[in-house]
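Undergrad: Got query.cif for you, mmCIF, C-alpha atoms:
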```cif
data_model
loop_
_atom_site.label_atom_id
_atom_site.label_comp_id
_atom_site.auth_asym_id
_atom_site.auth_seq_id
_atom_site.Cartn_x
_atom_site.Cartn_y
_atom_site.Cartn_z
CA MET A 1 -33.31 4.35 47.35
CA ILE A 2 -33.08 8.09 46.79
CA THR A 3 -29.81 9.64 47.94
CA VAL A 4 -29.25 13.39 47.80
CA GLU A 5 -25.71 14.59 48.55
CA ASN A 6 -24.65 18.20 49.13
CA LEU A 7 -27.21 19.63 46.72
CA THR A 8 -27.16 23.36 46.00
CA LYS A 9 -29.40 25.40 43.72
CA THR A 10 -29.46 29.18 43.34
CA PHE A 11 -31.73 31.50 41.38
CA THR A 12 -31.12 35.09 40.34
CA GLN A 13 -33.73 37.65 41.31
CA SER A 14 -33.19 41.34 40.61
CA ASN A 15 -29.46 40.72 40.06
CA THR A 16 -29.25 38.97 43.43
CA SER A 17 -28.46 35.28 43.89
CA VAL A 18 -30.93 33.47 46.14
CA ALA A 19 -30.01 30.04 47.52
CA ALA A 20 -33.09 27.81 47.18
CA LEU A 21 -31.11 24.75 48.31
CA ASP A 22 -27.99 25.03 50.44
CA ASP A 23 -25.90 21.85 50.87
CA VAL A 24 -28.93 19.54 51.17
CA SER A 25 -28.29 15.87 51.94
CA LEU A 26 -30.83 13.16 52.75
CA GLU A 27 -31.68 9.51 52.10
CA VAL A 28 -35.05 7.94 51.39
CA PRO A 29 -34.99 4.13 51.88
CA ASP A 30 -36.50 1.80 49.27
CA GLY A 31 -40.23 1.29 49.60
CA SER A 32 -40.73 4.05 52.16
CA VAL A 33 -42.71 7.30 52.22
CA CYS A 34 -40.71 10.42 53.07
CA GLY A 35 -42.40 13.72 53.81
CA VAL A 36 -40.53 16.93 52.99
CA VAL A 37 -41.96 19.76 55.08
CA GLY A 38 -41.24 23.39 55.77
CA THR A 39 -42.69 26.85 55.45
CA SER A 40 -43.34 28.55 52.12
CA GLY A 41 -40.02 29.36 50.43
CA ALA A 42 -38.06 26.76 52.39
CA GLY A 43 -36.98 24.97 49.18
CA LYS A 44 -39.35 21.98 49.24
CA SER A 45 -40.61 22.21 45.67
CA THR A 46 -37.16 23.06 44.33
CA LEU A 47 -35.80 19.89 45.93
CA ALA A 48 -38.57 17.81 44.34
CA ARG A 49 -37.97 19.40 40.93
CA CYS A 50 -34.24 18.70 41.17
CA ILE A 51 -34.81 15.06 42.12
CA ALA A 52 -37.25 14.77 39.20
CA LEU A 53 -34.59 16.33 36.92
CA LEU A 54 -36.92 19.19 36.03
CA GLU A 55 -34.29 21.54 37.48
CA LYS A 56 -30.56 20.93 37.30
CA PRO A 57 -28.77 21.61 40.60
CA ASP A 58 -25.67 23.79 40.66
CA THR A 59 -23.67 21.20 42.58
CA GLY A 60 -24.22 17.87 44.31
CA ALA A 61 -25.41 14.38 43.45
CA ILE A 62 -28.85 12.79 43.15
CA ARG A 63 -28.76 9.00 43.13
CA VAL A 64 -31.71 6.73 42.44
CA ASP A 65 -30.93 3.05 42.92
CA GLY A 66 -27.23 3.96 42.89
CA THR A 67 -27.20 5.92 39.62
CA ASP A 68 -26.16 9.58 39.77
CA LEU A 69 -28.83 11.30 37.70
CA VAL A 70 -27.06 14.67 37.57
CA SER A 71 -24.26 13.27 35.41
CA LEU A 72 -26.60 11.78 32.77
CA GLU A 73 -27.32 13.26 29.35
CA GLY A 74 -29.28 12.41 26.22
CA SER A 75 -30.98 9.01 26.03
CA LYS A 76 -29.64 7.96 29.43
CA LEU A 77 -31.21 11.02 31.03
CA ARG A 78 -34.55 10.35 29.30
CA ALA A 79 -34.48 6.74 30.48
CA ALA A 80 -33.73 7.87 34.05
CA ARG A 81 -36.64 10.30 34.00
CA ARG A 82 -39.00 7.43 33.16
CA ARG A 83 -38.00 5.83 36.47
CA ILE A 84 -39.37 8.85 38.35
CA GLY A 85 -43.09 9.54 38.38
CA VAL A 86 -44.16 13.10 39.17
CA VAL A 87 -47.47 14.38 40.52
CA PRO A 88 -47.21 18.16 39.97
CA GLN A 89 -48.68 20.74 42.30
CA GLY A 90 -52.18 21.79 41.28
CA ASP A 91 -54.52 20.44 38.60
CA SER A 92 -52.34 19.10 35.78
CA LEU A 93 -54.74 16.95 33.71
CA LEU A 94 -55.36 17.63 30.01
CA ARG A 95 -58.97 18.78 29.65
CA GLN A 96 -59.43 17.31 26.16
CA ARG A 97 -58.58 13.81 27.38
CA THR A 98 -60.63 11.44 29.49
CA ALA A 99 -59.31 10.01 32.75
CA ALA A 100 -58.10 6.94 30.84
CA GLY A 101 -56.57 9.16 28.15
CA ASN A 102 -54.62 11.14 30.71
CA VAL A 103 -53.26 7.99 32.34
CA ALA A 104 -52.29 6.60 28.91
CA LEU A 105 -50.31 9.69 27.90
CA PRO A 106 -46.86 8.57 29.20
CA LEU A 107 -47.39 5.13 27.64
CA GLU A 108 -48.17 6.70 24.27
CA SER A 109 -45.01 8.80 24.51
CA ALA A 110 -43.04 5.62 25.21
CA LYS A 111 -44.74 3.94 22.19
CA VAL A 112 -46.20 1.12 24.28
CA PRO A 113 -48.48 -1.09 22.11
CA ALA A 114 -52.21 -0.31 22.35
CA ALA A 115 -53.24 -3.57 24.02
CA GLN A 116 -50.59 -3.15 26.72
CA ARG A 117 -51.64 0.47 27.21
CA ARG A 118 -55.26 -0.46 27.76
CA SER A 119 -54.29 -3.17 30.24
CA ARG A 120 -51.97 -0.86 32.20
CA VAL A 121 -54.49 1.99 32.27
CA ALA A 122 -57.23 -0.33 33.56
CA GLU A 123 -54.88 -1.66 36.25
CA LEU A 124 -53.99 1.83 37.45
CA LEU A 125 -57.54 3.18 37.44
CA ASP A 126 -58.47 0.20 39.58
CA LEU A 127 -55.57 0.98 41.93
CA VAL A 128 -56.82 4.53 42.47
CA GLY A 129 -60.46 3.46 42.73
CA LEU A 130 -61.67 5.12 39.52
CA SER A 131 -62.40 2.25 37.14
CA ASP A 132 -65.90 3.61 36.65
CA LYS A 133 -64.54 7.05 35.64
CA ALA A 134 -62.34 5.89 32.75
CA SER A 135 -64.38 7.70 30.08
CA VAL A 136 -65.08 10.82 32.14
CA TYR A 137 -63.37 14.13 31.31
CA PRO A 138 -61.53 16.11 34.04
CA ASP A 139 -64.15 18.87 34.23
CA HIS A 140 -66.67 16.29 35.42
CA LEU A 141 -64.39 14.87 38.11
CA SER A 142 -63.98 16.20 41.65
CA GLY A 143 -60.70 17.71 42.77
CA GLY A 144 -59.74 14.57 44.63
CA GLN A 145 -60.62 12.36 41.67
CA ARG A 146 -58.48 14.51 39.36
CA GLN A 147 -55.59 14.21 41.78
CA ARG A 148 -55.97 10.43 41.90
CA VAL A 149 -55.90 10.32 38.10
CA ALA A 150 -52.69 12.38 38.23
CA VAL A 151 -51.17 9.80 40.58
CA ALA A 152 -52.23 6.99 38.23
CA ARG A 153 -50.64 8.84 35.30
CA ALA A 154 -47.40 9.29 37.26
CA LEU A 155 -47.32 5.52 37.89
CA ALA A 156 -48.03 4.54 34.28
CA ALA A 157 -44.42 3.92 33.23
CA LYS A 158 -43.77 1.74 36.31
CA PRO A 159 -41.38 4.16 38.05
CA SER A 160 -39.37 3.14 41.10
CA VAL A 161 -39.80 6.63 42.62
CA LEU A 162 -42.92 8.78 42.93
CA LEU A 163 -42.63 12.51 43.71
CA ALA A 164 -45.82 14.26 44.82
CA ASP A 165 -45.70 18.05 45.24
CA GLU A 166 -48.44 19.23 47.62
CA PRO A 167 -50.82 16.43 46.51
CA THR A 168 -53.52 17.39 49.02
CA SER A 169 -53.40 21.16 48.65
CA ALA A 170 -56.87 22.77 48.84
CA LEU A 171 -58.62 19.41 49.37
CA ASP A 172 -61.11 18.76 52.14
CA PRO A 173 -60.25 16.13 54.82
CA ALA A 174 -62.27 13.29 53.26
CA THR A 175 -60.80 13.92 49.81
CA THR A 176 -57.31 14.23 51.28
CA ASP A 177 -57.79 10.84 52.89
CA SER A 178 -58.64 9.25 49.52
CA VAL A 179 -55.51 10.68 47.88
CA LEU A 180 -53.27 9.54 50.75
CA THR A 181 -54.78 6.06 50.53
CA VAL A 182 -53.71 5.95 46.87
CA LEU A 183 -50.15 6.96 47.77
CA GLU A 184 -50.06 4.28 50.46
CA ARG A 185 -51.25 1.68 47.94
CA ALA A 186 -48.55 2.75 45.48
CA ARG A 187 -45.97 2.04 48.15
CA SER A 188 -47.46 -1.17 49.56
CA GLU A 189 -48.73 -2.80 46.36
CA LEU A 190 -46.25 -1.54 43.75
CA GLY A 191 -43.17 -1.12 45.96
CA VAL A 192 -42.69 2.49 44.87
CA THR A 193 -40.54 4.82 46.98
CA VAL A 194 -42.62 7.95 47.63
CA LEU A 195 -41.40 11.47 48.39
CA VAL A 196 -44.20 13.87 49.36
CA VAL A 197 -43.67 17.62 49.51
CA THR A 198 -46.28 19.10 51.84
CA HIS A 199 -47.09 21.88 54.26
CA ASP A 200 -49.79 19.73 55.87
CA MET A 201 -48.49 17.83 58.89
CA ALA A 202 -51.58 15.59 58.75
CA VAL A 203 -49.99 14.05 55.64
CA VAL A 204 -46.84 13.23 57.61
CA ARG A 205 -48.89 11.91 60.52
CA ARG A 206 -50.89 9.62 58.23
CA ILE A 207 -48.41 8.09 55.75
CA ALA A 208 -44.77 9.13 56.33
CA ASP A 209 -42.10 6.71 57.55
CA ASP A 210 -39.39 9.37 57.30
CA VAL A 211 -39.47 13.15 57.31
CA ALA A 212 -37.10 15.96 56.34
CA VAL A 213 -37.63 19.51 57.60
CA LEU A 214 -36.33 22.29 55.35
CA GLU A 215 -35.67 25.81 56.51
CA GLN A 216 -34.19 28.47 54.23
CA GLY A 217 -32.91 25.83 51.86
CA ARG A 218 -31.23 23.65 54.48
CA VAL A 219 -32.23 20.37 56.12
CA VAL A 220 -32.59 21.13 59.83
CA GLU A 221 -34.07 17.77 60.86
CA HIS A 222 -34.25 14.41 59.13
CA GLY A 223 -34.94 10.83 60.15
CA LYS A 224 -37.63 8.28 60.93
CA VAL A 225 -40.80 9.88 62.25
CA LEU A 226 -41.12 7.54 65.24
CA ASP A 227 -37.51 8.24 66.25
CA LEU A 228 -37.77 12.01 65.90
CA VAL A 229 -40.94 12.38 67.95
CA SER A 230 -39.13 10.81 70.91
CA GLU A 231 -36.17 13.21 70.80
CA PRO A 232 -36.19 16.19 73.20
CA GLY A 233 -36.44 19.45 71.29
CA SER A 234 -37.49 17.80 68.01
CA ARG A 235 -39.39 20.16 65.73
CA ILE A 236 -41.36 17.25 64.32
CA GLY A 237 -42.13 15.98 67.81
CA SER A 238 -43.47 19.33 68.96
CA THR A 239 -45.63 19.59 65.83
CA LEU A 240 -47.02 16.05 65.59
CA LEU A 241 -47.58 15.20 69.24
CA PRO A 242 -50.25 16.64 71.57
CA GLU A 243 -49.32 19.67 73.63
CA THR A 244 -48.88 19.17 77.35
CA ASP A 245 -50.42 21.50 79.90
CA GLN A 246 -47.65 23.44 81.64
CA ALA A 247 -49.83 24.99 84.32
CA SER A 248 -50.89 22.46 86.94
CA VAL A 249 -48.31 20.50 88.91
CA LEU A 250 -50.26 20.01 92.17
CA ARG A 251 -52.08 16.95 93.46
CA PRO A 252 -55.72 17.55 92.54
CA ASP A 253 -56.97 16.15 95.85
CA SER A 254 -54.61 17.77 98.33
CA GLY A 255 -53.00 20.78 96.71
CA GLN A 256 -49.58 19.32 97.61
CA GLN A 257 -46.71 19.32 95.18
CA HIS A 258 -45.80 16.20 93.19
CA ASP A 259 -42.48 14.60 94.06
CA VAL A 260 -41.56 14.19 90.38
CA VAL A 261 -42.96 15.91 87.29
CA ALA A 262 -41.91 14.67 83.85
CA GLU A 263 -42.87 14.70 80.19
CA VAL A 264 -43.29 11.14 78.92
CA VAL A 265 -43.52 9.95 75.29
CA LEU A 266 -44.85 6.40 74.79
CA VAL A 267 -44.68 4.61 71.42
CA GLY A 268 -46.66 1.50 70.50
CA PHE A 269 -49.80 -0.29 71.65
CA ALA A 270 -48.28 -1.96 74.73
CA ALA A 271 -46.55 1.15 76.07
CA VAL A 272 -49.49 3.49 75.48
CA GLY A 273 -52.01 1.17 77.08
CA ALA A 274 -50.22 -0.25 80.08
CA LEU A 275 -46.93 1.36 81.08
CA LEU A 276 -48.19 4.23 83.25
CA PRO A 277 -50.78 2.30 85.30
CA GLU A 278 -48.34 -0.58 85.77
CA ALA A 279 -45.63 1.79 87.06
CA SER A 280 -48.12 3.28 89.52
CA SER A 281 -49.22 -0.13 90.78
CA ARG A 282 -45.78 -1.74 90.87
CA PHE A 283 -44.14 1.04 92.91
CA GLY A 284 -47.12 2.15 94.98
CA VAL A 285 -47.02 5.74 93.74
CA GLU A 286 -49.80 8.11 92.83
CA LEU A 287 -49.55 9.07 89.16
CA SER A 288 -51.52 12.00 87.80
CA ILE A 289 -51.90 12.98 84.15
CA LEU A 290 -51.37 16.75 84.06
CA GLY A 291 -51.70 17.24 80.32
CA GLY A 292 -51.11 15.80 76.88
CA GLY A 293 -52.93 13.15 74.91
CA LEU A 294 -52.84 10.39 72.33
CA THR A 295 -52.34 10.47 68.56
CA ARG A 296 -51.52 8.00 65.80
CA LEU A 297 -48.53 8.10 63.45
CA GLY A 298 -49.32 5.75 60.60
CA ASP A 299 -50.54 2.59 62.29
CA THR A 300 -48.65 3.27 65.54
CA PRO A 301 -50.29 4.90 68.57
CA VAL A 302 -48.10 7.50 70.27
CA ALA A 303 -48.85 9.32 73.51
CA LYS A 304 -47.26 12.39 75.05
CA PHE A 305 -48.16 13.13 78.67
CA ARG A 306 -47.03 15.49 81.38
CA VAL A 307 -47.23 13.38 84.53
CA GLY A 308 -46.86 14.02 88.23
CA LEU A 309 -45.68 11.21 90.53
CA SER A 310 -46.11 11.29 94.30
CA GLY A 311 -44.70 8.75 96.74
CA GLU A 312 -41.42 7.52 98.17
CA ARG A 313 -40.64 5.36 95.13
CA SER A 314 -41.44 7.98 92.49
CA GLU A 315 -37.86 8.07 91.20
CA SER A 316 -37.79 4.26 90.96
CA ALA A 317 -41.03 4.27 89.00
CA LEU A 318 -39.63 6.84 86.57
CA LYS A 319 -36.43 4.82 86.12
CA TRP A 320 -38.46 1.66 85.52
CA MET A 321 -40.42 3.38 82.74
CA ILE A 322 -37.19 4.56 81.09
CA GLU A 323 -35.84 0.99 81.15
CA ARG A 324 -38.96 -0.05 79.24
CA ASP A 325 -38.33 2.41 76.42
CA ALA A 326 -40.46 5.29 77.65
CA HIS A 327 -38.89 8.58 76.54
CA VAL A 328 -38.76 10.80 79.60
CA ARG A 329 -37.78 14.43 80.10
CA ARG A 330 -37.94 15.70 83.64
CA ALA A 331 -39.68 19.03 84.02
CA PRO A 332 -37.47 21.85 85.29
CA VAL A 333 -38.22 22.58 88.95
CA SER A 334 -38.04 26.00 90.60
CA VAL A 335 -36.56 26.66 94.04
CA ASP A 336 -39.89 26.10 95.80
CA GLY A 337 -40.23 22.64 94.29
CA VAL A 338 -42.88 23.49 91.71
CA ALA A 339 -42.22 22.37 88.16
CA ALA A 340 -41.76 25.25 85.78
#
```
For the structure just supplied, provide its representation as structure tokens.
TA:
Amino acid sequence: MITVENLTKTFTQSNTSVAALDDVSLEVPDGSVCGVVGTSGAGKSTLARCIALLEKPDTGAIRVDGTDLVSLEGSKLRAARRRIGVVPQGDSLLRQRTAAGNVALPLESAKVPAAQRRSRVAELLDLVGLSDKASVYPDHLSGGQRQRVAVARALAAKPSVLLADEPTSALDPATTDSVLTVLERARSELGVTVLVVTHDMAVVRRIADDVAVLEQGRVVEHGKVLDLVSEPGSRIGSTLLPETDQASVLRPDSGQQHDVVAEVVLVGFAAVGALLPEASSRFGVELSILGGGLTRLGDTPVAKFRVGLSGERSESALKWMIERDAHVRRAPVSVDGVAA
């Protein structure tokens, strides 16, 4: 587990102190993938560099598996760093080394015997799907292949934590998918805890269990993705889920107003597929989809709809959906009965 407690980090620019991190606290559970998102300058990369011990925070604690890394020095600090694999932002491979040579570099630094190095390098190149590129130099690899080699290199010393700083930056969708697949395999097959710094919400949508939103050096939202998308007013929810149409609130066949208009978030296969039609049938109400759509967060389907219900038992139908874990927010209604 990664635990960050009350972390602060300032830099001096033109004789002015700038707070890159301001009292940041978060937890990343063992074996999970946490996305750290935010606009440029929010402090994402600084947080990753502090956790990787490439920057020393001014105050606060960084614990990995219960050990406070900030307090370590000398050989203990070097040993702790080996437990954290880092995939830097941008192309970081050594051009004079082959793919296999790049992956072997941390093992050479740790003086791992040659036979063990070769075995570990072959294992990792297989993990990232590049066994056939072992003898190829970086200039003859695609951007996505180079990034996958960088992930393999970061995993060479068998770290418990992997930090990836913008691992899909400037990659096309197909190449991005291949890199994210590698990060997922690192988590599922090696049990590595992964922290991904990204500006791309598609990365969060695809692989993140947890997410932390940074803004001006502070954590403004943090938690499990599937919990946050169900919370009213969630920044992550508004970004990851489909937008709902705010315009139409009238029955398409009659022009009459709906008795109830609500925004409904449904999580999971059963809820997405069956809850709305069953509510309509069970309570004898007319249910119209006014906007929204379906997406997928990891392996879980999630829907966000703006619905209109018409009929005497509309309120009962809405209550029944809430009792079955639908997340419902009633639309504000103006004085003439039309939802705003």
Undergrad: Name the residues captured by the PyMOL selection byres ((chain A and resi 110-112) around 12) when it is applied to the shown file; answer as a list in words.
TA: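 Against this file, the PyMOL selection byres ((chain A and resi 110-112) around 12) returns the residues Arg78, Ala79, Arg81, Arg82, Ala104, Leu105, Pro106, Leu107, Glu108, Ser109, Pro113, Ala114, Ala115, Gln116, Arg117, Arg118, Ser119, Arg120, Val121, Ala156, Ala157 and Lys158 of chain A.
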Undergrad: As a short mmCIF file (atom, residue, chain, number, x, y, z; two decimals) with C-alpha atoms, in the coordinates of the input, please: the residues near Val267 in chain A (cut-off 7 Å, all atoms listed in the file, same-chain neighbours under 2 positions excluded).
TA:
```
data_model
loop_
_atom_site.label_atom_id
_atom_site.label_comp_id
_atom_site.auth_asym_id
_atom_site.auth_seq_id
_atom_site.Cartn_x
_atom_site.Cartn_y
_atom_site.Cartn_z
CA VAL A 265 -43.52 9.95 75.29
CA ALA A 271 -46.55 1.15 76.07
CA VAL A 272 -49.49 3.49 75.48
CA PRO A 301 -50.29 4.90 68.57
CA VAL A 302 -48.10 7.50 70.27
CA ALA A 303 -48.85 9.32 73.51
#
```
Undergrad: Within 7 Å of range 204-212 of chain A, counting only C-alpha atoms, which residues qualify if same-chain residues fewer than 3 places away don't, as a list of chain:residue names?
TA: A:Ser32, A:Val33, A:Cys34, A:Gly35, A:Val36, A:Val37, A:Glu184, A:Met201, A:Val219, A:Glu221, A:His222, A:Gly223, A:Lys224, A:Val225, A:Leu240, A:Leu297, A:Gly298
Undergrad: Counting all atoms listed in the file, which of A:Leu69, A:Val161, A:Val18, A:Ala279 gets nearest to Gly31 in chain A?
TA: A:Val161
Undergrad: Within 7 Å of Ala326 in chain A, counting only C-alpha atoms, which residues show up once you throw out same-chain ones fewer than 3 positions away? Write them as a list in words, please.
TA: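 Within the cut-off, the hits are Val264, Val265, Leu266, Met321 and Ile322 of chain A.
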Undergrad: Keeping only C-alpha atoms, write the selected residues to a file as a short mmCIF file (atom, residue, chain, number, x, y, z; two decimals), in the frame of the given file.
TA:
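Dumped to result_22.cif:
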```
data_model
loop_
_atom_site.label_atom_id
_atom_site.label_comp_id
_atom_site.auth_asym_id
_atom_site.auth_seq_id
_atom_site.Cartn_x
_atom_site.Cartn_y
_atom_site.Cartn_z
CA VAL A 264 -43.29 11.14 78.92
CA VAL A 265 -43.52 9.95 75.29
CA LEU A 266 -44.85 6.40 74.79
CA MET A 321 -40.42 3.38 82.74
CA ILE A 322 -37.19 4.56 81.09
#
```
Undergrad: Tell me, in Å to one decimal, how far CA of Leu77 in chain A is from CA of Val28 in chain A.
TA: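 Between these atoms lies a distance of 20.9 Å.
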Undergrad: Could you please determine the separation between CA of Glu231 in chain A and CA of Glu315 in chain A in Å, to one decimal place?
TA: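 Between CA of Glu231 in chain A and CA of Glu315 in chain A the gap is 21.1 Å.
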Undergrad: Do you have the CA of Thr3 in chain A-CA of Gly191 in chain A distance handy?
TA: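 The value is 17.3 Å.
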Undergrad: For a quick check of understanding, using all atoms listed in the file, which of A:Gly60, A:Leu162, A:Leu124, A:Lys76 has the smallest distance to Met1 in chain A?
TA: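 For Met1 in chain A, the nearest of the candidates is A:Leu162.
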Undergrad: Ranking A:Gly144, A:Gly308, A:Pro138, A:Pro159 by minimum distance to Arg187 in chain A and counting all atoms listed in the file, which one comes first?
TA: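 The shortest atom-to-atom distance to Arg187 in chain A comes from A:Pro159.
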Undergrad: Could you pull out every residue with an atom within 10 Å of (-55.1, 17.0, 34.3), file coordinates, counting all atoms listed in the file, and send them as a ChimeraX atom specification?
TA: /A:88,90-99,102-103,137-139,146-147,149-150,153
Undergrad: Determine the axis-aligned bounding box of all atoms of range 57-70 of chain A present in the file, pad each side by 8 Å, and express its centre and edge lengths in Å to one decimal place as AutoDock Vina command-line options.
TA:
```
--center_x -27.7 --center_y 13.4 --center_z 40.9 --size_x 24.0 --size_y 36.7 --size_z 22.7
```
Undergrad: Would you mind telling me which residue in A:Ser230, A:Thr46, A:Ser131, A:Ser188 lies nearest to Asp165 in chain A when using all atoms listed in the file?
TA: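 Once distances to Asp165 in chain A are computed over all atoms listed in the file, the minimum belongs to A:Thr46.
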Undergrad: When you look at Gln216 in chain A with a cut-off of 10 Å (counting only C-alpha atoms), what residues show up, excluding the ones that are within fewer than 2 positions of it in the same chain? I need them as a PyMOL selection string.
TA: chain A and resi 19-22+38-44+214+218-220
Undergrad: May I have the residues within 9 Å of Thr300 in chain A as a ChimeraX atom specification, using all atoms listed in the file and disregarding those fewer than 5 positions away in the same chain?
TA: /A:226,267-269,295
Undergrad: If the PyMOL selection byres ((chain A and resi 169) around 9) is run on the structure shown, which residues does it catch, given as a list in words?
TA: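 When the PyMOL selection byres ((chain A and resi 169) around 9) is applied, the selected residues are Gln89, Gly90, Asp165, Glu166, Pro167, Thr168, Ala170, Leu171, Asp172, Thr176, Thr198, His199 and Asp200 of chain A.
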Undergrad: Please write the residues picked by the PyMOL selection byres ((chain A and resi 310) around 8) on this file as a PyMOL selection string.
TA: chain A and resi 258-260+285-287+308-309+311-312+314
Undergrad: Would you mind telling me which residue in A:Val213, A:Ala122, A:Leu163, A:Val196 lies nearest to Ser234 in chain A when using all atoms listed in the file?
TA: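 Closest to Ser234 in chain A of all the choices is A:Val213.
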